[in-house]
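Okay, so here's the structure we're looking at.
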Amino acid sequence: MRSKKKFDFAEGKYYFNVSNGIQAITIHRAEKQKALDVFSNYEKVGKKVEWLGKWNGKKFEDDRQN
């Protein structure tokens, strides 16, 4: 059985998922540039990553462009 996420998304933070085999790890950063830096580092080492964007309280705003 798949477990549910055990946290709530914080409004105004940037999120992305890193797939680690079976599970996906959700990572967040408060600042956009730091989130993009960490995201690109995971891409460089060959991890499967998915950009979610900035959480506005109801949905993700995909704003990966600088």
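For the structure tokens, the naming scheme is as follows: chains receive sequential letters (A, B, ...) according to their order of presentation, residues are indexed from 1 within each chain, and ligands are indexed from 1 in presentation order.
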Please provide as a ChimeraX atom specification all residues within 8 Å of Trp51 of chain A, with the sequence filter that same-chain residues fewer than 5 positions apart are discarded (counting only C-alpha atoms). /A:15-17,39,62,64
Emit the selected residues as a PDB file, in the first residue's frame, including N, CA and C atoms.
ATOM      1  N   TYR A  15       9.134  23.757  -5.227  1.00  0.00           N
ATOM      2  CA  TYR A  15       9.194  22.312  -5.016  1.00  0.00           C
ATOM      3  C   TYR A  15       9.604  21.578  -6.286  1.00  0.00           C
ATOM      4  N   PHE A  16      10.285  20.440  -6.086  1.00  0.00           N
ATOM      5  CA  PHE A  16      10.568  19.516  -7.174  1.00  0.00           C
ATOM      6  C   PHE A  16      10.707  18.110  -6.608  1.00  0.00           C
ATOM      7  N   ASN A  17      10.478  17.124  -7.462  1.00  0.00           N
ATOM      8  CA  ASN A  17      10.583  15.721  -7.071  1.00  0.00           C
ATOM      9  C   ASN A  17      11.848  15.110  -7.648  1.00  0.00           C
ATOM     10  N   PHE A  39      18.100  21.687  -8.254  1.00  0.00           N
ATOM     11  CA  PHE A  39      17.436  20.923  -9.310  1.00  0.00           C
ATOM     12  C   PHE A  39      18.413  20.560 -10.419  1.00  0.00           C
ATOM     13  N   ASP A  62       4.106  26.796 -12.536  1.00  0.00           N
ATOM     14  CA  ASP A  62       5.333  26.374 -13.193  1.00  0.00           C
ATOM     15  C   ASP A  62       6.062  27.599 -13.716  1.00  0.00           C
ATOM     16  N   ARG A  64       9.739  27.849 -14.065  1.00  0.00           N
ATOM     17  CA  ARG A  64      11.146  27.448 -14.093  1.00  0.00           C
ATOM     18  C   ARG A  64      12.008  28.421 -14.897  1.00  0.00           C
TER      19      ARG A  64
END
Selected residue, from A:Thr26, A:Glu43, A:Glu61, A:Lys48, that lies nearest to Asp8 of chain A when counting only C-alpha atoms: A:Thr26
For the strand (DSSP E) assignment from backbone DSSP, which residues of chain A qualify? Please present them as an mmCIF file with N, CA and C atoms, in the first residue's frame.
data_model
loop_
_atom_site.group_PDB
_atom_site.id
_atom_site.type_symbol
_atom_site.label_atom_id
_atom_site.label_comp_id
_atom_site.auth_asym_id
_atom_site.auth_seq_id
_atom_site.Cartn_x
_atom_site.Cartn_y
_atom_site.Cartn_z
ATOM 1 N N TYR A 14 9.330 26.760 -3.422
ATOM 2 C CA TYR A 14 9.539 26.089 -4.703
ATOM 3 C C TYR A 14 9.793 24.606 -4.454
ATOM 4 N N TYR A 15 9.134 23.757 -5.227
ATOM 5 C CA TYR A 15 9.194 22.312 -5.016
ATOM 6 C C TYR A 15 9.604 21.578 -6.286
ATOM 7 N N PHE A 16 10.285 20.440 -6.086
ATOM 8 C CA PHE A 16 10.568 19.516 -7.174
ATOM 9 C C PHE A 16 10.707 18.110 -6.608
ATOM 10 N N ASN A 17 10.478 17.124 -7.462
ATOM 11 C CA ASN A 17 10.583 15.721 -7.071
ATOM 12 C C ASN A 17 11.848 15.110 -7.648
ATOM 13 N N VAL A 18 12.475 14.244 -6.852
ATOM 14 C CA VAL A 18 13.614 13.468 -7.299
ATOM 15 C C VAL A 18 13.216 12.007 -7.171
ATOM 16 N N SER A 19 13.209 11.287 -8.292
ATOM 17 C CA SER A 19 12.862 9.870 -8.266
ATOM 18 C C SER A 19 14.078 9.064 -7.856
ATOM 19 N N ASN A 20 13.865 8.207 -6.881
ATOM 20 C CA ASN A 20 14.940 7.389 -6.347
ATOM 21 C C ASN A 20 14.493 5.930 -6.428
ATOM 22 N N GLN A 23 10.574 5.191 -5.035
ATOM 23 C CA GLN A 23 9.926 6.335 -4.391
ATOM 24 C C GLN A 23 10.362 7.659 -5.003
ATOM 25 N N ALA A 24 9.541 8.672 -4.797
ATOM 26 C CA ALA A 24 9.864 10.031 -5.231
ATOM 27 C C ALA A 24 10.026 10.890 -3.989
ATOM 28 N N ILE A 25 11.119 11.624 -3.928
ATOM 29 C CA ILE A 25 11.399 12.490 -2.793
ATOM 30 C C ILE A 25 11.071 13.914 -3.205
ATOM 31 N N THR A 26 10.266 14.599 -2.410
ATOM 32 C CA THR A 26 9.904 15.984 -2.686
ATOM 33 C C THR A 26 10.847 16.900 -1.918
ATOM 34 N N ILE A 27 11.482 17.814 -2.638
ATOM 35 C CA ILE A 27 12.439 18.746 -2.049
ATOM 36 C C ILE A 27 11.917 20.156 -2.266
ATOM 37 N N HIS A 28 12.116 21.013 -1.260
ATOM 38 C CA HIS A 28 11.663 22.400 -1.390
ATOM 39 C C HIS A 28 12.776 23.356 -0.988
ATOM 40 N N ARG A 29 12.709 24.545 -1.529
ATOM 41 C CA ARG A 29 13.602 25.643 -1.189
ATOM 42 C C ARG A 29 12.774 26.920 -1.154
ATOM 43 N N LYS A 48 16.457 11.319 -12.095
ATOM 44 C CA LYS A 48 15.208 11.684 -12.768
ATOM 45 C C LYS A 48 14.500 12.700 -11.875
ATOM 46 N N VAL A 49 14.367 13.932 -12.375
ATOM 47 C CA VAL A 49 13.779 15.013 -11.584
ATOM 48 C C VAL A 49 12.576 15.605 -12.306
ATOM 49 N N GLU A 50 11.658 16.125 -11.519
ATOM 50 C CA GLU A 50 10.447 16.748 -12.054
ATOM 51 C C GLU A 50 10.226 18.069 -11.319
ATOM 52 N N TRP A 51 10.237 19.164 -12.057
ATOM 53 C CA TRP A 51 10.010 20.482 -11.474
ATOM 54 C C TRP A 51 8.519 20.670 -11.235
ATOM 55 N N LEU A 52 8.140 21.023 -10.002
ATOM 56 C CA LEU A 52 6.741 21.272 -9.678
ATOM 57 C C LEU A 52 6.424 22.757 -9.718
ATOM 58 N N GLY A 53 7.336 23.573 -9.227
ATOM 59 C CA GLY A 53 7.143 25.018 -9.269
ATOM 60 C C GLY A 53 6.852 25.598 -7.908
ATOM 61 N N LYS A 54 6.282 26.782 -7.911
ATOM 62 C CA LYS A 54 5.968 27.509 -6.683
ATOM 63 C C LYS A 54 4.538 27.195 -6.253
ATOM 64 N N TRP A 55 4.377 26.825 -4.992
ATOM 65 C CA TRP A 55 3.059 26.497 -4.459
ATOM 66 C C TRP A 55 2.369 27.791 -4.030
ATOM 67 N N PHE A 60 0.382 24.382 -8.136
ATOM 68 C CA PHE A 60 1.747 24.775 -8.465
ATOM 69 C C PHE A 60 1.744 25.694 -9.671
ATOM 70 N N GLU A 61 2.554 26.744 -9.589
ATOM 71 C CA GLU A 61 2.766 27.649 -10.711
ATOM 72 C C GLU A 61 4.106 27.285 -11.318
#
One decimal, Å: what's the distance from atom CA of Asn56 of chain A over to atom CA of Gly12 of chain A, could you say?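 If I compute the distance from atom CA of Asn56 of chain A to atom CA of Gly12 of chain A, I get 5.8 Å.
Atom CA of Lys32 of chain A to atom CA of Gly46 of chain A spans 21.4 Å [interatomic distance, one decimal].
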